[in-house]
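Data from coords_22.cif: mmCIF, C-alpha atoms
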data_data
#
loop_
_atom_site.label_atom_id
_atom_site.label_comp_id
_atom_site.auth_asym_id
_atom_site.auth_seq_id
_atom_site.Cartn_x
_atom_site.Cartn_y
_atom_site.Cartn_z
CA MET A 1 10.73 55.38 9.17
CA LEU A 2 12.24 53.30 11.99
CA ARG A 3 11.59 56.10 14.51
CA ALA A 4 7.96 56.31 13.46
CA LEU A 5 7.57 52.50 13.65
CA THR A 6 9.10 52.43 17.15
CA SER A 7 6.79 55.17 18.37
CA ALA A 8 3.76 53.44 16.91
CA THR A 9 4.56 50.06 18.45
CA ALA A 10 5.12 51.64 21.86
CA ALA A 11 1.71 53.23 21.66
CA LEU A 12 0.01 49.97 20.57
CA GLY A 13 1.35 47.88 23.44
CA PRO A 14 3.44 44.69 23.87
CA ARG A 15 1.50 42.47 21.42
CA ALA A 16 1.77 45.00 18.60
CA ALA A 17 5.40 45.59 19.48
CA GLY A 18 6.15 41.89 19.04
CA TRP A 19 4.32 41.88 15.73
CA ALA A 20 6.33 44.87 14.53
CA ARG A 21 9.64 43.25 15.54
CA THR A 22 8.66 40.14 13.56
CA MET A 23 7.78 42.23 10.53
CA ALA A 24 11.07 44.09 10.75
CA SER A 25 13.29 41.04 11.34
CA HIS A 26 12.42 39.06 8.18
CA GLN A 27 12.96 40.12 4.61
CA LEU A 28 10.81 38.91 1.75
CA LEU A 29 12.57 36.07 -0.09
CA VAL A 30 10.14 35.94 -3.04
CA ALA A 31 9.50 39.02 -5.13
CA PRO A 32 6.11 39.72 -6.74
CA PRO A 33 6.02 37.64 -9.97
CA GLU A 34 6.52 39.77 -13.06
CA VAL A 35 4.00 37.65 -14.97
CA LEU A 36 1.25 38.75 -12.59
CA ARG A 37 1.86 42.39 -13.51
CA LYS A 38 0.54 41.58 -16.99
CA PRO A 39 -3.16 41.25 -17.92
CA LEU A 40 -4.63 37.76 -17.94
CA PHE A 41 -4.69 36.30 -21.45
CA VAL A 42 -7.12 33.55 -22.47
CA PRO A 43 -7.22 32.52 -26.14
CA SER A 44 -10.52 32.13 -27.98
CA ARG A 45 -11.01 28.46 -28.87
CA LEU A 46 -13.75 26.14 -30.02
CA LEU A 47 -13.67 23.19 -27.63
CA LEU A 48 -14.69 20.10 -29.58
CA GLY A 49 -12.91 17.57 -27.42
CA PRO A 50 -14.58 15.30 -24.86
CA GLY A 51 -14.86 18.16 -22.34
CA PRO A 52 -14.83 20.73 -21.02
CA SER A 53 -17.09 22.42 -23.53
CA ASN A 54 -17.54 26.10 -24.28
CA LEU A 55 -19.75 27.93 -21.81
CA ALA A 56 -23.21 28.99 -22.89
CA PRO A 57 -23.56 32.82 -22.82
CA ARG A 58 -26.09 32.73 -19.98
CA VAL A 59 -23.77 30.51 -17.93
CA LEU A 60 -20.85 32.82 -18.66
CA ALA A 61 -22.88 35.78 -17.42
CA ALA A 62 -23.77 33.94 -14.20
CA GLY A 63 -20.07 33.55 -13.48
CA GLY A 64 -19.72 37.34 -13.37
CA LEU A 65 -22.32 37.89 -10.66
CA GLN A 66 -21.29 39.08 -7.21
CA ILE A 67 -20.81 36.41 -4.58
CA ILE A 68 -23.06 35.88 -1.57
CA SER A 69 -22.39 33.67 1.43
CA HIS A 70 -22.82 29.93 1.08
CA VAL A 71 -25.13 30.01 4.13
CA HIS A 72 -27.40 32.89 3.10
CA LYS A 73 -31.07 31.98 2.68
CA GLU A 74 -30.86 33.11 -0.97
CA MET A 75 -28.04 30.61 -1.52
CA TYR A 76 -30.10 27.84 0.05
CA GLN A 77 -32.86 28.73 -2.42
CA ILE A 78 -30.41 28.41 -5.33
CA MET A 79 -29.28 25.04 -3.96
CA ASP A 80 -32.90 23.88 -3.79
CA GLU A 81 -33.42 24.94 -7.41
CA ILE A 82 -30.29 23.01 -8.41
CA LYS A 83 -31.66 19.89 -6.70
CA GLN A 84 -34.88 20.16 -8.70
CA GLY A 85 -32.86 20.61 -11.89
CA ILE A 86 -30.81 17.50 -11.14
CA GLN A 87 -33.98 15.52 -10.46
CA TYR A 88 -35.23 16.61 -13.88
CA VAL A 89 -32.13 15.73 -15.91
CA PHE A 90 -31.72 12.44 -13.99
CA GLN A 91 -35.48 11.75 -14.18
CA THR A 92 -35.65 10.82 -10.49
CA ARG A 93 -37.72 11.65 -7.43
CA ASN A 94 -34.90 10.72 -5.04
CA ARG A 95 -34.72 13.02 -2.02
CA LEU A 96 -30.99 12.40 -1.65
CA THR A 97 -30.07 14.44 -4.71
CA LEU A 98 -27.47 17.22 -4.66
CA ALA A 99 -24.40 18.80 -6.22
CA ILE A 100 -20.85 17.92 -5.19
CA SER A 101 -18.18 20.61 -4.79
CA GLY A 102 -15.80 18.97 -7.24
CA SER A 103 -15.60 17.57 -10.76
CA GLY A 104 -17.00 14.26 -11.97
CA HIS A 105 -14.06 12.42 -10.43
CA CYS A 106 -15.14 13.83 -7.08
CA ALA A 107 -18.70 12.56 -7.59
CA LEU A 108 -17.35 9.09 -8.45
CA GLU A 109 -15.33 9.08 -5.26
CA ALA A 110 -18.31 10.38 -3.27
CA ALA A 111 -20.42 7.50 -4.56
CA LEU A 112 -17.85 4.86 -3.73
CA VAL A 113 -16.67 6.09 -0.33
CA ASN A 114 -20.26 6.31 0.89
CA ILE A 115 -21.55 3.00 -0.48
CA LEU A 116 -18.52 0.72 -0.09
CA GLU A 117 -16.98 -0.45 3.15
CA PRO A 118 -13.76 -2.44 3.59
CA GLY A 119 -14.29 -6.02 2.46
CA ASP A 120 -17.39 -5.30 0.36
CA SER A 121 -17.49 -7.09 -2.98
CA PHE A 122 -17.39 -4.57 -5.85
CA LEU A 123 -17.99 -5.55 -9.50
CA VAL A 124 -16.57 -3.06 -12.01
CA GLY A 125 -17.09 -2.80 -15.73
CA VAL A 126 -13.64 -1.79 -17.00
CA ASN A 127 -13.99 -0.99 -20.70
CA GLY A 128 -12.12 2.32 -20.53
CA ILE A 129 -10.46 4.75 -18.18
CA TRP A 130 -13.48 5.44 -15.97
CA GLY A 131 -13.85 1.81 -14.99
CA GLN A 132 -10.13 1.78 -14.25
CA ARG A 133 -10.54 4.78 -11.95
CA ALA A 134 -13.53 3.22 -10.17
CA ALA A 135 -11.55 0.04 -9.54
CA GLU A 136 -8.60 2.08 -8.24
CA ILE A 137 -10.79 3.96 -5.77
CA GLY A 138 -12.46 0.73 -4.68
CA GLU A 139 -9.07 -0.79 -3.91
CA ARG A 140 -8.08 2.25 -1.85
CA ILE A 141 -11.27 1.88 0.18
CA GLY A 142 -10.38 -1.74 0.89
CA ALA A 143 -13.20 -3.30 -1.07
CA SER A 144 -12.82 -6.65 -2.80
CA VAL A 145 -12.68 -5.41 -6.39
CA HIS A 146 -13.64 -7.68 -9.30
CA PRO A 147 -12.96 -6.00 -12.67
CA MET A 148 -14.72 -7.19 -15.83
CA ILE A 149 -12.12 -6.09 -18.36
CA LYS A 150 -12.91 -5.39 -22.00
CA ASP A 151 -10.88 -3.82 -24.77
CA PRO A 152 -11.74 -0.22 -25.69
CA GLY A 153 -14.92 -0.23 -27.77
CA GLY A 154 -16.52 -3.08 -25.83
CA HIS A 155 -19.72 -3.02 -23.77
CA TYR A 156 -21.43 -5.37 -21.31
CA THR A 157 -24.38 -7.62 -22.09
CA LEU A 158 -26.96 -8.64 -19.51
CA GLN A 159 -25.63 -12.20 -19.65
CA GLU A 160 -22.06 -11.07 -18.92
CA VAL A 161 -23.21 -8.94 -16.00
CA GLU A 162 -25.33 -11.76 -14.58
CA GLU A 163 -22.36 -14.10 -14.68
CA GLY A 164 -20.33 -11.58 -12.68
CA LEU A 165 -23.16 -11.04 -10.19
CA ALA A 166 -23.60 -14.77 -9.65
CA GLN A 167 -19.88 -15.40 -9.22
CA HIS A 168 -18.85 -12.48 -7.01
CA LYS A 169 -22.10 -11.56 -5.19
CA PRO A 170 -21.21 -7.85 -5.11
CA VAL A 171 -22.96 -5.14 -3.12
CA LEU A 172 -22.32 -2.70 -5.99
CA LEU A 173 -21.89 -2.82 -9.78
CA PHE A 174 -20.26 0.06 -11.67
CA LEU A 175 -21.04 0.78 -15.33
CA THR A 176 -20.20 3.80 -17.49
CA GLN A 177 -23.09 4.88 -19.72
CA GLY A 178 -20.92 7.11 -21.91
CA GLU A 179 -17.33 5.87 -22.05
CA SER A 180 -15.72 9.03 -23.44
CA SER A 181 -12.27 7.45 -23.80
CA SER A 182 -13.58 5.06 -26.46
CA GLY A 183 -16.91 6.57 -27.57
CA VAL A 184 -19.05 3.64 -26.42
CA LEU A 185 -22.66 3.94 -25.27
CA GLN A 186 -23.52 1.28 -22.67
CA PRO A 187 -27.15 0.08 -22.75
CA LEU A 188 -28.87 0.33 -19.34
CA ASP A 189 -32.37 -1.11 -19.73
CA GLY A 190 -32.73 -4.23 -17.58
CA TYR A 191 -29.44 -3.86 -15.71
CA GLY A 192 -30.97 -2.32 -12.59
CA GLU A 193 -33.62 -5.02 -12.34
CA LEU A 194 -30.94 -7.68 -12.83
CA CYS A 195 -28.76 -6.19 -10.08
CA HIS A 196 -31.66 -6.04 -7.64
CA ARG A 197 -32.43 -9.74 -8.19
CA TYR A 198 -28.93 -10.39 -6.86
CA LYS A 199 -29.30 -7.83 -4.02
CA CYS A 200 -26.74 -5.57 -5.67
CA LEU A 201 -26.88 -1.80 -6.15
CA LEU A 202 -26.23 -0.26 -9.58
CA LEU A 203 -23.89 2.75 -9.91
CA VAL A 204 -23.77 4.53 -13.28
CA ASP A 205 -21.35 7.17 -14.57
CA SER A 206 -23.17 9.57 -16.92
CA VAL A 207 -20.55 12.34 -17.04
CA ALA A 208 -20.13 12.24 -20.82
CA SER A 209 -23.69 11.22 -21.67
CA LEU A 210 -26.10 13.24 -19.51
CA GLY A 211 -28.24 15.55 -21.62
CA GLY A 212 -27.10 13.95 -24.85
CA VAL A 213 -28.48 10.45 -24.30
CA PRO A 214 -31.76 9.29 -22.70
CA ILE A 215 -31.41 8.19 -19.10
CA HIS A 216 -34.25 7.46 -16.66
CA MET A 217 -32.79 6.83 -13.23
CA ASP A 218 -35.92 5.65 -11.45
CA GLN A 219 -37.44 3.69 -14.32
CA GLN A 220 -34.14 1.97 -15.15
CA GLY A 221 -33.53 0.99 -11.54
CA ILE A 222 -30.28 2.93 -11.15
CA ASP A 223 -29.34 3.27 -7.48
CA VAL A 224 -26.54 5.82 -7.73
CA LEU A 225 -26.11 8.18 -10.66
CA TYR A 226 -23.58 10.96 -11.10
CA SER A 227 -22.51 13.38 -13.80
CA GLY A 228 -20.40 16.48 -14.36
CA ALA A 229 -21.14 20.10 -15.15
CA GLN A 230 -18.59 20.71 -17.90
CA LYS A 231 -19.91 18.51 -20.70
CA VAL A 232 -23.41 18.84 -22.22
CA LEU A 233 -24.43 21.27 -19.47
CA ASN A 234 -21.82 23.79 -20.75
CA SER A 235 -20.92 24.85 -17.22
CA PRO A 236 -17.45 25.40 -15.71
CA PRO A 237 -15.64 22.36 -14.29
CA GLY A 238 -15.74 22.10 -10.52
CA THR A 239 -19.27 20.97 -9.68
CA SER A 240 -20.96 17.62 -10.25
CA LEU A 241 -24.38 16.04 -9.84
CA ILE A 242 -25.29 12.96 -7.80
CA SER A 243 -28.38 11.11 -6.62
CA PHE A 244 -29.05 8.04 -4.47
CA SER A 245 -32.08 5.75 -4.45
CA ASP A 246 -33.77 4.92 -1.15
CA GLU A 247 -31.97 1.57 -1.16
CA ALA A 248 -28.60 3.25 -1.69
CA ALA A 249 -29.38 5.82 0.99
CA ASN A 250 -30.23 3.01 3.40
CA LYS A 251 -26.82 1.45 2.70
CA ILE A 252 -25.22 4.79 3.58
CA TYR A 253 -27.20 5.33 6.78
CA THR A 254 -26.65 1.78 8.07
CA ARG A 255 -22.88 1.64 7.51
CA LYS A 256 -20.79 -0.07 10.18
CA THR A 257 -17.85 2.28 9.54
CA LYS A 258 -17.53 5.98 8.79
CA PRO A 259 -16.59 6.95 5.22
CA TYR A 260 -12.87 7.69 5.10
CA SER A 261 -13.58 11.13 3.59
CA PHE A 262 -15.22 13.77 5.78
CA TYR A 263 -15.47 16.19 2.84
CA LEU A 264 -17.55 13.66 0.89
CA ASP A 265 -19.53 12.18 3.80
CA MET A 266 -23.03 11.98 2.35
CA LYS A 267 -24.79 12.23 5.72
CA TRP A 268 -23.25 15.67 6.22
CA LEU A 269 -23.81 16.70 2.60
CA ALA A 270 -27.43 15.52 2.64
CA ASN A 271 -28.11 17.73 5.64
CA PHE A 272 -26.30 20.75 4.22
CA TRP A 273 -28.25 20.43 0.97
CA GLY A 274 -31.58 20.14 2.76
CA CYS A 275 -32.19 16.50 1.84
CA ASP A 276 -33.35 15.50 5.32
CA ASP A 277 -35.86 17.01 7.71
CA LYS A 278 -33.26 18.54 10.02
CA PRO A 279 -32.00 22.15 10.18
CA ARG A 280 -29.07 22.70 7.83
CA THR A 281 -25.63 22.47 9.43
CA TYR A 282 -22.50 24.01 7.92
CA HIS A 283 -20.26 21.40 6.31
CA HIS A 284 -17.95 23.21 3.90
CA THR A 285 -17.78 26.41 1.85
CA THR A 286 -19.37 25.60 -1.48
CA PRO A 287 -18.16 27.10 -4.81
CA VAL A 288 -20.89 29.74 -4.85
CA ILE A 289 -20.11 31.15 -8.31
CA GLY A 290 -19.86 27.64 -9.72
CA LEU A 291 -23.30 26.87 -8.32
CA TYR A 292 -24.71 30.01 -9.95
CA SER A 293 -23.41 28.66 -13.25
CA LEU A 294 -24.71 25.16 -12.63
CA ARG A 295 -28.15 26.54 -11.79
CA GLU A 296 -28.25 28.42 -15.10
CA SER A 297 -27.02 25.36 -17.01
CA LEU A 298 -29.84 23.29 -15.58
CA ALA A 299 -32.32 26.09 -16.35
CA LEU A 300 -31.19 26.12 -19.99
CA ILE A 301 -31.69 22.39 -20.48
CA ALA A 302 -35.04 22.56 -18.67
CA GLU A 303 -36.15 25.30 -21.07
CA LEU A 304 -34.91 23.36 -24.10
CA GLY A 305 -36.38 20.08 -22.87
CA LEU A 306 -34.56 16.77 -22.48
CA GLU A 307 -36.14 15.22 -25.57
CA ASN A 308 -35.02 18.16 -27.72
CA SER A 309 -31.52 17.99 -26.27
CA TRP A 310 -31.28 14.27 -26.98
CA ARG A 311 -32.48 14.84 -30.56
CA GLN A 312 -30.04 17.73 -31.10
CA HIS A 313 -27.08 15.59 -30.12
CA ARG A 314 -28.21 12.58 -32.12
CA GLU A 315 -28.73 14.59 -35.30
CA ALA A 316 -25.50 16.60 -34.99
CA THR A 317 -23.45 13.46 -34.34
CA GLU A 318 -25.00 11.54 -37.21
CA TYR A 319 -24.04 14.46 -39.46
CA LEU A 320 -20.51 14.44 -38.01
CA GLN A 321 -20.11 10.72 -38.54
CA GLY A 322 -21.17 11.03 -42.18
CA ARG A 323 -18.69 13.86 -42.78
CA LEU A 324 -15.87 11.92 -41.12
CA GLN A 325 -16.56 8.86 -43.24
CA GLY A 326 -16.56 11.14 -46.27
CA LEU A 327 -12.96 12.02 -45.40
CA GLY A 328 -12.06 8.33 -45.44
CA LEU A 329 -11.86 8.04 -41.65
CA GLN A 330 -13.08 4.90 -39.88
CA LEU A 331 -15.44 5.15 -36.92
CA PHE A 332 -13.92 3.29 -33.96
CA VAL A 333 -17.19 1.86 -32.63
CA LYS A 334 -18.55 -0.42 -35.33
CA ASP A 335 -22.13 -0.88 -34.12
CA PRO A 336 -24.12 2.34 -34.71
CA ALA A 337 -26.39 1.52 -31.74
CA LEU A 338 -23.37 1.59 -29.41
CA ARG A 339 -21.91 4.91 -30.59
CA LEU A 340 -22.00 7.67 -28.00
CA PRO A 341 -23.88 10.71 -29.41
CA THR A 342 -21.75 13.18 -27.47
CA VAL A 343 -18.18 11.99 -28.11
CA THR A 344 -17.28 10.41 -31.45
CA THR A 345 -14.13 8.32 -31.85
CA VAL A 346 -12.34 7.62 -35.12
CA ALA A 347 -9.42 5.27 -35.56
CA VAL A 348 -6.14 7.14 -35.99
CA PRO A 349 -5.55 6.97 -39.78
CA ALA A 350 -2.71 4.71 -40.85
CA GLY A 351 0.69 6.39 -41.14
CA TYR A 352 -0.20 9.46 -39.05
CA ASP A 353 0.90 10.45 -35.60
CA TRP A 354 -2.32 11.46 -33.82
CA ARG A 355 -0.44 14.23 -31.99
CA ASP A 356 0.39 15.91 -35.30
CA ILE A 357 -3.28 16.00 -36.31
CA VAL A 358 -4.47 17.34 -32.95
CA ALA A 359 -1.73 20.00 -32.91
CA TYR A 360 -2.44 21.11 -36.50
CA VAL A 361 -6.16 21.57 -35.86
CA MET A 362 -5.39 23.59 -32.73
CA ASP A 363 -2.57 25.70 -34.17
CA HIS A 364 -4.24 26.56 -37.47
CA PHE A 365 -7.94 26.64 -36.56
CA SER A 366 -8.06 27.16 -32.76
CA ILE A 367 -10.23 24.07 -32.47
CA GLU A 368 -9.63 21.45 -29.81
CA ILE A 369 -9.98 17.78 -30.59
CA THR A 370 -8.08 15.15 -28.64
CA GLY A 371 -6.45 11.76 -28.86
CA GLY A 372 -7.35 8.73 -26.79
CA LEU A 373 -7.17 8.41 -23.02
CA GLY A 374 -6.10 5.49 -20.89
CA PRO A 375 -6.59 2.22 -22.83
CA SER A 376 -7.56 4.10 -26.02
CA LEU A 377 -4.43 6.28 -26.09
CA GLY A 378 -2.80 6.16 -29.53
CA LYS A 379 -5.78 4.33 -31.04
CA VAL A 380 -8.37 7.06 -31.58
CA LEU A 381 -9.11 10.71 -32.19
CA ARG A 382 -12.01 12.07 -30.11
CA ILE A 383 -14.43 14.77 -31.22
CA GLY A 384 -17.04 16.07 -28.82
CA LEU A 385 -20.32 17.78 -29.66
CA LEU A 386 -21.52 18.86 -26.24
CA GLY A 387 -24.51 21.04 -25.45
CA CYS A 388 -24.49 24.32 -27.33
CA ASN A 389 -21.50 23.08 -29.36
CA ALA A 390 -23.61 20.35 -30.98
CA THR A 391 -24.35 22.16 -34.26
CA ARG A 392 -23.93 21.44 -37.96
CA GLU A 393 -21.86 24.63 -38.26
CA ASN A 394 -19.31 23.27 -35.79
CA VAL A 395 -19.27 19.94 -37.61
CA ASP A 396 -18.45 21.75 -40.85
CA ARG A 397 -15.67 23.71 -39.13
CA VAL A 398 -13.98 20.73 -37.53
CA THR A 399 -14.22 18.46 -40.57
CA ALA A 400 -12.72 21.19 -42.78
CA ALA A 401 -9.88 21.52 -40.28
CA LEU A 402 -9.37 17.75 -40.24
CA GLN A 403 -9.34 17.58 -44.03
CA GLU A 404 -6.55 20.15 -44.20
CA ALA A 405 -4.65 18.43 -41.37
CA LEU A 406 -4.71 15.13 -43.25
CA GLN A 407 -3.33 16.90 -46.32
CA ARG A 408 -0.58 18.81 -44.47
CA CYS A 409 0.58 16.54 -41.63
CA PRO A 410 3.48 14.16 -42.30
CA ARG A 411 2.53 10.62 -43.15
CA ASN A 412 4.65 7.51 -42.94
CA LYS A 413 3.86 5.50 -46.07
CA LEU A 414 5.69 2.37 -44.92
#
Full structure transcribed into structure tokens:
Amino acid sequence: MLRALTSATAALGPRAAGWARTMASHQLLVAPPEVLRKPLFVPSRLLLGPGPSNLAPRVLAAGGLQIISHVHKEMYQIMDEIKQGIQYVFQTRNRLTLAISGSGHCALEAALVNILEPGDSFLVGVNGIWGQRAAEIGERIGASVHPMIKDPGGHYTLQEVEEGLAQHKPVLLFLTQGESSSGVLQPLDGYGELCHRYKCLLLVDSVASLGGVPIHMDQQGIDVLYSGAQKVLNSPPGTSLISFSDEAANKIYTRKTKPYSFYLDMKWLANFWGCDDKPRTYHHTTPVIGLYSLRESLALIAELGLENSWRQHREATEYLQGRLQGLGLQLFVKDPALRLPTVTTVAVPAGYDWRDIVAYVMDHFSIEITGGLGPSLGKVLRIGLLGCNATRENVDRVTAALQEALQRCPRNKL
């Protein structure tokens, strides 16, 4: 073997000889992992938490298609179709509309790093974990962050927002339409108009609400709107949706400083997604398979129709809430008008450890529900009915599982 290697390297010349000496002088320190010699195992589960949701069959099939290059003309066509789908589900005509190569967190960061500059005043509705994350990112940017803090389950009135606008004179207000950590639905009518009277842009998180709750970006005066693929759209995590009004785009294009993230620089992304009149320039390698899936997710909701999707989620969640109350559980959000139709929260029943209930439902029924998150941790159980999972059959399955869990899990009677 050594003689053959020596002869081969001599024939290939000095560069190949050096390469061969390097190959021969180092031994592998890490052996091939034994676990990777086994077939991949993925359990079959019904995902009725706050996301991700189960993939729709058509979306699952899209994920098995062969890849093409991210700069092929056919891929640009798919990207253009995705943009039109986002404009539909957002109900916007904004040119600066595209998909982000990253989850909803990535879209939130993209919004903030492009709109905010160091020293900008930033007003944040913090009534759950997503407001906390927005405030954290704003601080990292160097903005002057002003949180409006509410306990989980709270929402913001027009009067409360106006007081914050008058006091802090922000360039941007952040609100979460669907606060999935607490199950609250934030009203949006009138908030855009109010912000614009104070020369403030409105940024809305619709990750947990899009497709399950009415939203009209242009008519409600929302300047920046983003969402994720893995909730109602029943697509794999890893892509997200974002759109900017003309006013928000002007803020981006007239910045005094560059955004600190090149990957999320909206000027580059806008060009790569064909949102300007210039030839497309390579920016990064997009998740091509993920975009196939997102395209099919948007096609499915376009075929169903937004109004039908909103009705499906409202009816399924009303049925769920009635079944939960029939088990003696208390809905966490007291006002029915403020309950999120995609993620329902119930107060953890007295005497139970929420982790026992979640584990029992998973271990005995292969159904995922979750506990709280961030400020709601330990206070609630969360049940999601997202997209194709929003059915009466799934409600019956999860409530039967919960009923048995409440009978079998240990309970502290003190």
Target residues per the PyMOL selection byres ((chain A and resi 227) around 12), formatted as number ranges by chain: A: 86, 89-90, 97-100, 102-111, 176-178, 203-212, 215, 224-226, 228-233, 237-243
Interatomic distance (Å, one decimal) between CA of Gly384 (chain A) and CA of Ser53 (chain A):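 Going from CA of Gly384 (chain A) over to CA of Ser53 (chain A), I get 8.3 Å.
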Gap from CA of Glu393 (chain A) to CA of Tyr292 (chain A) - Å, one decimal: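 So the answer is 29.0 Å.
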Proximity to Asp265 (chain A) - best of A:Ile252, A:Leu194, A:Leu47, A:Met79, only C-alpha atoms: A:Ile252
Among the residues A:Ser180, A:Ile115, A:Pro236, A:His146, the one that comes closest to Pro259 (chain A) [using only C-alpha atoms]: A:Ile115
Explicit residues for the PyMOL selection byres ((chain A and resi 254-257) around 9) (as a list in words): Asn114, Ile115, Leu116, Glu117, Pro118, Ala249, Asn250, Lys251, Ile252, Tyr253, Lys258, Pro259 and Tyr260 of chain A
Atomic distance CA of Arg397 (chain A) - CA of Pro410 (chain A), expressed in Å with one decimal: 21.6 Å
Given the PyMOL selection byres ((chain A and resi 126) around 9), the residues it picks as a list in words: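 When the PyMOL selection byres ((chain A and resi 126) around 9) is applied, the selected residues are Val124, Gly125, Asn127, Gly128, Ile129, Trp130, Gly131, Gln132, Arg133, Ala134, Ala135, Pro147, Met148, Ile149, Lys150, Asp151, Phe174, Leu175 and Thr176 of chain A.
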Protein and nucleic acid residues near (-31.4, 0.0, -20.8) (cut-off 12 Å, only C-alpha atoms) as a list in words: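 Returned residue set, sorted by chain then number, is Tyr156, Thr157, Leu158, Leu175, Gln177, Leu185, Gln186, Pro187, Leu188, Asp189, Gly190, Tyr191, Gly192, Glu193, Leu194, Val204, Val213, Pro214, Ile215, His216, Met217, Asp218, Gln219, Gln220, Gly221, Ile222 and Leu338 of chain A.
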Selected residue, from A:Arg140, A:Lys169, A:Lys334, A:Arg355, that lies nearest to Ser261 (chain A) when counting only C-alpha atoms: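 Result for the nearest residue to Ser261 (chain A): A:Arg140.
Neighbourhood of point (-23.8, 21.6, -28.8): residues with an atom at most 9 Å away, counting only C-alpha atoms, are A:Ser53, A:Asn54, A:Val232, A:Asn234, A:Ser309, A:Gln312, A:His313, A:Ala316, A:Thr342, A:Gly384, A:Leu385, A:Leu386, A:Gly387, A:Cys388, A:Asn389, A:Ala390, A:Thr391, A:Asn394.
Considering the residues A:Thr345, A:Thr370, A:Ser25, A:Asn271 and counting only C-alpha atoms, Val333 (chain A) has its shortest atom-to-atom contact with A:Thr345.
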Shortest interatomic distance to Ala56 (chain A) - which of A:Val361, A:Leu377, A:Cys409, A:Leu300, counting all atoms listed in the file: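 For Ala56 (chain A), the nearest of the candidates is A:Leu300.
Closest approach to Gly119 (chain A) among A:Val346, A:Ala401, A:Ile141, A:Leu40 is made by A:Ile141 (distances from only C-alpha atoms).
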